[in-house]
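Asks: This is input_24.cif (mmCIF, C-alpha atoms, pLDDT in the B column; chains and numbers go by the auth columns).
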```cif
data_protein
loop_
_atom_site.group_PDB
_atom_site.id
_atom_site.type_symbol
_atom_site.label_atom_id
_atom_site.label_comp_id
_atom_site.label_asym_id
_atom_site.label_seq_id
_atom_site.Cartn_x
_atom_site.Cartn_y
_atom_site.Cartn_z
_atom_site.B_iso_or_equiv
_atom_site.auth_seq_id
_atom_site.auth_asym_id
ATOM 1 C CA HIS A 1 136.338 53.011 89.114 76.00 1228 M
ATOM 2 C CA ASP A 2 137.809 51.630 92.316 89.00 1229 M
ATOM 3 C CA PRO A 3 141.427 52.829 92.706 91.00 1230 M
ATOM 4 C CA PHE A 4 142.252 49.972 95.093 94.00 1231 M
ATOM 5 C CA GLU A 5 141.136 47.400 92.556 95.00 1232 M
ATOM 6 C CA GLN A 6 142.978 49.253 89.791 94.00 1233 M
ATOM 7 C CA MET A 7 146.185 49.193 91.860 95.00 1234 M
ATOM 8 C CA TRP A 8 145.784 45.503 92.682 96.00 1235 M
ATOM 9 C CA ARG A 9 144.877 44.363 89.163 96.00 1236 M
ATOM 10 C CA GLY A 10 147.626 46.471 87.605 96.00 1237 M
ATOM 11 C CA GLY A 11 150.295 45.307 90.042 97.00 1238 M
ATOM 12 C CA LEU A 12 150.961 48.972 90.803 97.00 1239 M
ATOM 13 C CA VAL A 13 153.023 50.213 93.733 97.00 1240 M
ATOM 14 C CA TYR A 14 152.043 53.822 94.412 97.00 1241 M
ATOM 15 C CA GLY A 15 148.832 55.757 93.825 95.00 1242 M
ATOM 16 C CA TYR A 16 148.738 59.508 94.442 92.00 1243 M
ATOM 17 C CA SER A 17 146.168 62.256 94.086 86.00 1244 M
ATOM 18 C CA HIS A 18 148.261 65.162 92.867 83.00 1245 M
ATOM 19 C CA ILE A 19 151.686 66.686 92.519 83.00 1246 M
ATOM 20 C CA SER A 20 152.520 69.983 94.126 81.00 1247 M
ATOM 21 C CA ARG A 21 155.468 71.904 95.441 80.00 1248 M
ATOM 22 C CA ASP A 22 156.602 71.987 99.033 82.00 1249 M
ATOM 23 C CA GLN A 23 157.673 75.082 100.905 81.00 1250 M
ATOM 24 C CA ALA A 24 161.426 75.493 101.176 79.00 1251 M
ATOM 25 C CA SER A 25 161.214 75.585 104.978 82.00 1252 M
ATOM 26 C CA ALA A 26 159.562 72.132 105.052 84.00 1253 M
ATOM 27 C CA VAL A 27 162.470 70.457 103.278 87.00 1254 M
ATOM 28 C CA GLN A 28 165.408 72.410 104.656 88.00 1255 M
ATOM 29 C CA HIS A 29 168.699 70.619 103.811 91.00 1256 M
ATOM 30 C CA PHE A 30 166.784 67.573 102.540 93.00 1257 M
ATOM 31 C CA TRP A 31 168.115 67.723 98.986 92.00 1258 M
ATOM 32 C CA GLU A 32 171.711 68.140 100.153 92.00 1259 M
ATOM 33 C CA PHE A 33 171.496 64.881 102.094 95.00 1260 M
ATOM 34 C CA CYS A 34 169.745 63.137 99.200 95.00 1261 M
ATOM 35 C CA ARG A 35 172.623 64.200 96.936 93.00 1262 M
ATOM 36 C CA LEU A 36 175.101 62.905 99.510 96.00 1263 M
ATOM 37 C CA TYR A 37 173.298 59.536 99.511 97.00 1264 M
ATOM 38 C CA MET A 38 173.333 59.422 95.709 96.00 1265 M
ATOM 39 C CA GLU A 39 177.048 60.224 95.596 95.00 1266 M
ATOM 40 C CA ALA A 40 177.838 57.564 98.197 97.00 1267 M
ATOM 41 C CA LYS A 41 175.829 54.953 96.284 97.00 1268 M
ATOM 42 C CA GLY A 42 176.974 55.993 92.793 97.00 1269 M
ATOM 43 C CA ILE A 43 173.452 56.997 91.723 96.00 1270 M
ATOM 44 C CA ASP A 44 173.091 59.478 88.855 93.00 1271 M
ATOM 45 C CA PRO A 45 170.789 62.335 90.010 89.00 1272 M
ATOM 46 C CA LYS A 46 169.456 62.522 86.437 88.00 1273 M
ATOM 47 C CA GLY A 47 169.382 58.761 85.965 92.00 1274 M
ATOM 48 C CA THR A 48 165.611 58.319 85.772 93.00 1275 M
ATOM 49 C CA LYS A 49 162.845 60.145 83.970 90.00 1276 M
ATOM 50 C CA ILE A 50 161.199 61.180 87.226 91.00 1277 M
ATOM 51 C CA MET A 51 164.475 62.455 88.661 90.00 1278 M
ATOM 52 C CA ARG A 52 165.031 64.518 85.527 86.00 1279 M
ATOM 53 C CA ARG A 53 161.544 65.957 85.912 84.00 1280 M
ATOM 54 C CA ILE A 54 161.873 66.896 89.570 84.00 1281 M
ATOM 55 C CA THR A 55 165.318 68.417 89.062 82.00 1282 M
ATOM 56 C CA ASP A 56 164.370 70.329 85.934 73.00 1283 M
ATOM 57 C CA ALA A 57 164.963 74.035 86.501 59.00 1284 M
ATOM 58 C CA LEU A 58 162.558 74.836 83.664 57.00 1285 M
ATOM 59 C CA VAL A 59 159.575 73.344 85.485 51.00 1286 M
ATOM 60 C CA LEU A 60 159.253 76.276 87.875 49.00 1287 M
ATOM 61 C CA ARG A 61 162.099 78.507 86.654 51.00 1288 M
ATOM 62 C CA ASP A 62 163.537 79.318 90.066 50.00 1289 M
ATOM 63 C CA THR A 63 165.927 76.466 90.748 50.00 1290 M
ATOM 64 C CA TYR A 64 169.300 75.557 89.310 51.00 1291 M
ATOM 65 C CA TRP A 65 170.162 72.525 87.244 46.00 1292 M
ATOM 66 C CA HIS A 66 170.651 69.429 89.444 58.00 1293 M
ATOM 67 C CA GLU A 67 168.676 70.972 92.289 79.00 1294 M
ATOM 68 C CA TRP A 68 165.398 69.519 93.394 81.00 1295 M
ATOM 69 C CA ASN A 69 162.602 71.921 92.478 81.00 1296 M
ATOM 70 C CA ARG A 70 160.585 70.728 95.523 84.00 1297 M
ATOM 71 C CA VAL A 71 158.014 69.090 93.263 85.00 1298 M
ATOM 72 C CA LEU A 72 156.614 66.073 95.052 87.00 1299 M
ATOM 73 C CA PHE A 73 153.807 63.580 95.347 89.00 1300 M
ATOM 74 C CA MET A 74 151.354 64.954 97.857 84.00 1301 M
ATOM 75 C CA ASN A 75 150.314 62.065 100.066 84.00 1302 M
ATOM 76 C CA ASP A 76 147.162 63.432 101.644 84.00 1303 M
ATOM 77 C CA ILE A 77 145.484 60.712 99.587 88.00 1304 M
ATOM 78 C CA GLU A 78 147.693 57.803 98.606 93.00 1305 M
ATOM 79 C CA ILE A 79 147.638 54.061 98.133 95.00 1306 M
ATOM 80 C CA THR A 80 150.876 52.178 98.664 96.00 1307 M
ATOM 81 C CA LYS A 81 152.052 48.648 98.194 96.00 1308 M
ATOM 82 C CA LEU A 82 153.844 48.259 101.485 96.00 1309 M
ATOM 83 C CA ALA A 83 156.129 45.479 100.278 97.00 1310 M
ATOM 84 C CA TRP A 84 158.004 47.956 98.061 97.00 1311 M
ATOM 85 C CA PHE A 85 158.464 50.430 100.910 97.00 1312 M
ATOM 86 C CA ARG A 86 159.601 47.624 103.215 98.00 1313 M
ATOM 87 C CA GLY A 87 162.150 46.505 100.614 98.00 1314 M
ATOM 88 C CA GLU A 88 165.886 46.949 101.084 98.00 1315 M
ATOM 89 C CA GLN A 89 166.308 49.722 98.488 97.00 1316 M
ATOM 90 C CA TYR A 90 163.777 52.039 100.109 98.00 1317 M
ATOM 91 C CA GLN A 91 164.813 51.079 103.635 98.00 1318 M
ATOM 92 C CA ASP A 92 168.482 51.782 102.901 98.00 1319 M
ATOM 93 C CA PHE A 93 167.581 55.271 101.676 98.00 1320 M
ATOM 94 C CA PHE A 94 165.305 55.861 104.665 97.00 1321 M
ATOM 95 C CA ARG A 95 167.887 54.622 107.178 98.00 1322 M
ATOM 96 C CA PHE A 96 170.484 56.958 105.682 98.00 1323 M
ATOM 97 C CA LEU A 97 168.165 59.970 105.990 97.00 1324 M
ATOM 98 C CA ASP A 98 167.189 58.932 109.505 97.00 1325 M
ATOM 99 C CA SER A 99 170.866 58.633 110.490 97.00 1326 M
ATOM 100 C CA VAL A 100 171.564 62.292 109.682 96.00 1327 M
ATOM 101 C CA GLY A 101 168.782 63.482 111.997 95.00 1328 M
ATOM 102 C CA GLY A 102 166.829 65.575 109.514 93.00 1329 M
ATOM 103 C CA PHE A 103 163.445 64.243 110.607 93.00 1330 M
ATOM 104 C CA TRP A 104 164.090 65.638 114.085 93.00 1331 M
ATOM 105 C CA LEU A 105 166.177 68.680 113.262 94.00 1332 M
ATOM 106 C CA TYR A 106 164.276 69.965 110.228 91.00 1333 M
ATOM 107 C CA ARG A 107 160.919 68.143 110.420 90.00 1334 M
ATOM 108 C CA TRP A 108 161.306 66.452 107.025 92.00 1335 M
ATOM 109 C CA GLY A 109 158.043 64.899 105.935 88.00 1336 M
ATOM 110 C CA ASP A 110 157.345 61.466 104.558 92.00 1337 M
ATOM 111 C CA HIS A 111 156.084 62.870 101.250 92.00 1338 M
ATOM 112 C CA ALA A 112 159.544 64.223 100.377 94.00 1339 M
ATOM 113 C CA VAL A 113 161.244 60.933 101.276 96.00 1340 M
ATOM 114 C CA ARG A 114 158.750 58.903 99.269 96.00 1341 M
ATOM 115 C CA THR A 115 158.995 61.227 96.290 95.00 1342 M
ATOM 116 C CA ILE A 116 162.768 61.017 95.991 96.00 1343 M
ATOM 117 C CA ALA A 117 162.800 57.253 96.648 97.00 1344 M
ATOM 118 C CA ILE A 118 160.123 56.677 94.022 97.00 1345 M
ATOM 119 C CA ALA A 119 161.998 58.917 91.590 96.00 1346 M
ATOM 120 C CA LEU A 120 165.240 57.017 92.184 97.00 1347 M
ATOM 121 C CA PHE A 121 164.054 53.430 92.349 97.00 1348 M
ATOM 122 C CA LEU A 122 160.515 52.852 91.028 97.00 1349 M
ATOM 123 C CA ASP A 123 159.527 52.165 87.427 95.00 1350 M
ATOM 124 C CA PRO A 124 157.105 55.005 86.468 94.00 1351 M
ATOM 125 C CA ASP A 125 154.748 52.420 84.973 95.00 1352 M
ATOM 126 C CA LEU A 126 154.052 51.278 88.540 97.00 1353 M
ATOM 127 C CA LEU A 127 152.577 54.680 89.505 96.00 1354 M
ATOM 128 C CA MET A 128 148.921 55.622 89.331 94.00 1355 M
ATOM 129 C CA ARG A 129 147.529 59.130 89.465 91.00 1356 M
ATOM 130 C CA MET A 130 144.092 58.960 91.052 89.00 1357 M
ATOM 131 C CA ASP A 131 141.682 61.547 89.714 83.00 1358 M
ATOM 132 C CA VAL A 132 139.590 61.675 92.870 83.00 1359 M
ATOM 133 C CA PRO A 133 137.859 64.655 94.479 83.00 1360 M
ATOM 134 C CA TYR A 134 140.243 66.529 96.728 80.00 1361 M
ATOM 135 C CA GLY A 135 140.151 69.739 98.741 79.00 1362 M
ATOM 136 C CA HIS A 136 142.719 71.035 101.214 75.00 1363 M
ATOM 137 C CA GLN A 137 143.925 74.536 102.024 74.00 1364 M
ATOM 138 C CA ASN A 138 144.069 76.394 98.684 72.00 1365 M
ATOM 139 C CA THR A 139 143.874 73.309 96.483 75.00 1366 M
ATOM 140 C CA CYS A 140 140.671 71.701 95.266 80.00 1367 M
ATOM 141 C CA ARG A 141 139.543 69.387 92.445 81.00 1368 M
ATOM 142 C CA CYS A 142 136.135 67.866 91.903 83.00 1369 M
ATOM 143 C CA GLY A 143 137.598 64.738 90.282 81.00 1370 M
ATOM 144 C CA ALA A 144 137.058 62.850 87.047 80.00 1371 M
ATOM 145 C CA GLU A 145 133.550 61.811 88.030 81.00 1372 M
ATOM 146 C CA HIS A 146 132.448 65.466 88.080 82.00 1373 M
ATOM 147 C CA PRO A 147 134.099 67.105 85.030 83.00 1374 M
ATOM 148 C CA GLU A 148 131.308 69.695 84.759 86.00 1375 M
ATOM 149 C CA GLU A 149 131.899 70.995 88.278 86.00 1376 M
ATOM 150 C CA VAL A 150 134.431 73.386 89.799 85.00 1377 M
ATOM 151 C CA CYS A 151 135.482 74.001 93.384 84.00 1378 M
ATOM 152 C CA VAL A 152 134.280 77.176 95.073 85.00 1379 M
ATOM 153 C CA ARG A 153 134.170 78.570 98.581 84.00 1380 M
ATOM 154 C CA SER A 154 132.525 81.649 99.989 80.00 1381 M
ATOM 155 C CA ASN A 155 135.668 83.007 101.682 79.00 1382 M
ATOM 156 C CA SER A 156 139.303 82.101 102.332 76.00 1383 M
ATOM 157 C CA THR A 157 138.456 80.105 105.477 79.00 1384 M
ATOM 158 C CA GLY A 158 135.326 78.419 104.152 80.00 1385 M
ATOM 159 C CA TRP A 159 134.908 74.816 103.050 83.00 1386 M
ATOM 160 C CA TRP A 160 135.356 73.944 99.377 82.00 1387 M
ATOM 161 C CA GLN A 161 132.312 72.658 97.543 84.00 1388 M
ATOM 162 C CA CYS A 162 131.821 71.433 93.997 86.00 1389 M
ATOM 163 C CA VAL A 163 129.222 73.297 91.957 85.00 1390 M
ATOM 164 C CA ALA A 164 128.260 73.241 88.300 88.00 1391 M
ATOM 165 C CA GLN A 165 130.374 75.610 86.205 82.00 1392 M
ATOM 166 C CA ASP A 166 127.207 77.445 85.187 82.00 1393 M
ATOM 167 C CA ASP A 167 126.352 78.144 88.845 81.00 1394 M
ATOM 168 C CA VAL A 168 129.705 79.609 89.938 77.00 1395 M
ATOM 169 C CA ARG A 169 128.535 83.218 89.929 76.00 1396 M
ATOM 170 C CA GLY A 170 127.885 84.414 93.452 72.00 1397 M
ATOM 171 C CA HIS A 171 129.539 81.481 95.208 70.00 1398 M
ATOM 172 C CA GLY A 172 132.855 83.240 95.836 71.00 1399 M
ATOM 173 C CA GLU A 173 136.398 82.126 95.140 75.00 1400 M
ATOM 174 C CA VAL A 174 137.013 79.514 92.427 76.00 1401 M
ATOM 175 C CA ALA A 175 139.911 77.152 93.115 71.00 1402 M
ATOM 176 C CA LYS A 176 142.872 76.541 90.900 63.00 1403 M
ATOM 177 C CA PRO A 177 143.425 72.796 90.451 56.00 1404 M
ATOM 178 C CA GLY A 178 146.607 72.916 92.528 52.00 1405 M
ATOM 179 C CA ASP A 179 148.340 70.217 90.543 51.00 1406 M
ATOM 180 C CA ILE A 180 151.453 71.584 88.911 47.00 1407 M
ATOM 181 C CA GLY A 181 151.784 68.771 86.426 47.00 1408 M
ATOM 182 C CA THR A 182 152.840 65.214 86.110 45.00 1409 M
ATOM 183 C CA VAL A 183 156.071 63.313 86.424 48.00 1410 M
ATOM 184 C CA ARG A 184 155.436 61.862 82.973 46.00 1411 M
ATOM 185 C CA GLU A 185 155.759 65.143 81.044 39.00 1412 M
#
```
Could you take the file, read its structure, and then write that structure out as structure tokens?

Replies:
Amino acid sequence: HDPFEQMWRGGLVYGYSHISRDQASAVQHFWEFCRLYMEAKGIDPKGTKIMRRITDALVLRDTYWHEWNRVLFMNDIEITKLAWFRGEQYQDFFRFLDSVGGFWLYRWGDHAVRTIAIALFLDPDLLMRMDVPYGHQNTCRCGAEHPEEVCVRSNSTGWWQCVAQDDVRGHGEVAKPGDIGTVRE
């Protein structure tokens, strides 16, 4: 299937490849400023299903209630409907974060901003998880079109490749899927 056509025909806003967890150093002070924005705007941090999921301490068991567990949409592969991101709701959130200097001071990434904005403002029915082949660092998936294959690499610096499950022996390290779940659970 063509994910672009699926997005267009479904009137969807955001397509992503997988959900993972960011390193604490990559989002230093980000959640504190998101909470400040929510307080200023009267937004309930648990007001949407996605927000409840990404602030659920039970997901990864090392965060406190009402803290972001650093679960986010990884945007190495994404499809966006730009009109939504150009809209006033998203832009207001972005301008607030930009005004506090975190992009420069702490190197906040766009994937964190998009994740929280989507969690706050977007209907989950307008999201699409793309089951496409993906390999980066220690994460690899062969995709829905190759369910009989797994990702392997000969060593920790080698390239991932998809091989039949029966042929894994002797190829080296087998990848974990790298996707920690879904925002719909």

Asks: So, counting only C-alpha atoms, which residue among M:Pro1272, M:Val1401, M:Asp1393, M:Ala1339 is closest to M:Val1379?

Replies: M:Val1401

Asks: Tell me which of M:Phe1323, M:Trp1387, M:Trp1335, M:Phe1348 sits closest to M:Cys1367, counting only C-alpha atoms.

Replies: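 Closest candidate: M:Trp1387.
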
Asks: Go through the shown structure with the PyMOL selection byres ((chain M and resi 1361) around 10) and write out the matching residues as an mmCIF file with C-alpha atoms, in the frame of the given file.

Replies:
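Listing of selection.cif after writing:
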```
data_model
loop_
_atom_site.group_PDB
_atom_site.id
_atom_site.type_symbol
_atom_site.label_atom_id
_atom_site.label_comp_id
_atom_site.auth_asym_id
_atom_site.auth_seq_id
_atom_site.Cartn_x
_atom_site.Cartn_y
_atom_site.Cartn_z
ATOM 1 C CA SER M 1244 146.168 62.256 94.086
ATOM 2 C CA HIS M 1245 148.261 65.162 92.867
ATOM 3 C CA ASP M 1303 147.162 63.432 101.644
ATOM 4 C CA ILE M 1304 145.484 60.712 99.587
ATOM 5 C CA ASP M 1358 141.682 61.547 89.714
ATOM 6 C CA VAL M 1359 139.590 61.675 92.870
ATOM 7 C CA PRO M 1360 137.859 64.655 94.479
ATOM 8 C CA GLY M 1362 140.151 69.739 98.741
ATOM 9 C CA HIS M 1363 142.719 71.035 101.214
ATOM 10 C CA THR M 1366 143.874 73.309 96.483
ATOM 11 C CA CYS M 1367 140.671 71.701 95.266
ATOM 12 C CA ARG M 1368 139.543 69.387 92.445
ATOM 13 C CA CYS M 1369 136.135 67.866 91.903
ATOM 14 C CA GLY M 1370 137.598 64.738 90.282
ATOM 15 C CA CYS M 1378 135.482 74.001 93.384
ATOM 16 C CA TRP M 1387 135.356 73.944 99.377
ATOM 17 C CA PRO M 1404 143.425 72.796 90.451
ATOM 18 C CA GLY M 1405 146.607 72.916 92.528
#
```

Asks: What's around M:Phe1260 at 9 Å? Count only C-alpha atoms, leave out sequence neighbours fewer than 3 positions away in its own chain, and write the answer as a VMD selection string.

Replies: chain M and resid 1256 to 1257 1263 to 1265 1323 to 1324 1327 1329

Asks: Taking all atoms of stretch 1313-1323 of chain M that appear in the file, build a box with edges along x, y and z, extend it by 8 Å on every side, and state its centre and edge lengths in Å to one decimal, as lines of an AutoDock Vina configuration file.

Replies:
```
center_x = 165.0
center_y = 51.7
center_z = 102.8
size_x = 26.9
size_y = 26.5
size_z = 24.7
```

Asks: Within 9 Å of (152.8, 54.4, 88.0) in the file's own coordinates, which protein, DNA or RNA residues have an atom, counting only C-alpha atoms? List them as a short mmCIF file (atom, residue, chain, number, x, y, z; two decimals) with C-alpha atoms, keeping the file's coordinate frame.

Replies:
```cif
data_model
loop_
_atom_site.label_atom_id
_atom_site.label_comp_id
_atom_site.auth_asym_id
_atom_site.auth_seq_id
_atom_site.Cartn_x
_atom_site.Cartn_y
_atom_site.Cartn_z
CA LEU M 1239 150.96 48.97 90.80
CA VAL M 1240 153.02 50.21 93.73
CA TYR M 1241 152.04 53.82 94.41
CA GLY M 1242 148.83 55.76 93.82
CA LEU M 1349 160.51 52.85 91.03
CA ASP M 1350 159.53 52.16 87.43
CA PRO M 1351 157.10 55.00 86.47
CA ASP M 1352 154.75 52.42 84.97
CA LEU M 1353 154.05 51.28 88.54
CA LEU M 1354 152.58 54.68 89.50
CA MET M 1355 148.92 55.62 89.33
CA ARG M 1356 147.53 59.13 89.46
#
```

Asks: Selection in question (the file shown): the PyMOL selection byres ((chain M and resi 1253) around 9). Which residues does it include, as a ChimeraX atom specification?

Replies: /M:1249-1252,1254-1255,1257,1333-1336

Asks: Between M:Trp1295, M:Trp1258, M:Trp1235, M:Phe1312, which has the minimum distance to M:Arg1341 (counting all atoms listed in the file)?

Replies: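 Answer, going by the shortest atom-to-atom distance: M:Phe1312.
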
Asks: By how many Å are atom CA of M:Leu1309 and atom CA of M:Leu1347 apart?

Replies: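 Pair atom CA of M:Leu1309 / atom CA of M:Leu1347 returns 17.1 Å.
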
Asks: Could you check which of M:Val1390, M:Ala1346, M:Ala1371, M:Met1357 is closest to M:Lys1276, using all atoms listed in the file?

Replies: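 Smallest distance to M:Lys1276 is found for M:Ala1346.
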
Asks: Give the answer as one residue: which of M:Ser1247, M:Gln1233, M:Gln1392, M:Asn1302 has the shortest atom-to-atom distance to M:Glu1375, using only C-alpha atoms?

Replies: M:Gln1392

Asks: Mind giving me the straight-line distance from atom CA of M:Asp1325 to atom CA of M:Arg1280 in Å, one decimal?

Replies: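 Atom CA of M:Asp1325 sits 25.3 Å away from atom CA of M:Arg1280.
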
Asks: What does the distance between atom CA of M:Met1278 and atom CA of M:Arg1297 come to in Å, to one decimal place?

Replies: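 Separating atom CA of M:Met1278 from atom CA of M:Arg1297 is a distance of 11.4 Å.
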
Asks: Under the PyMOL selection byres ((chain M and resi 1382) around 12), which residues of this model are included? Write them out as a list in words.

Replies: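 Applying the PyMOL selection byres ((chain M and resi 1382) around 12) to the structure shown produces Gln1364, Asn1365, Val1379, Arg1380, Ser1381, Ser1383, Thr1384, Gly1385, Trp1386, Trp1387, Gln1388, Gly1397, His1398, Gly1399, Glu1400, Val1401 and Ala1402 of chain M.
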
Asks: Of the residues M:Ala1344, M:Ala1391, M:Tyr1243, M:Glu1294, which is the one nearest to M:Asp1319, using only C-alpha atoms?

Replies: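 Answer, going by the shortest atom-to-atom distance: M:Ala1344.
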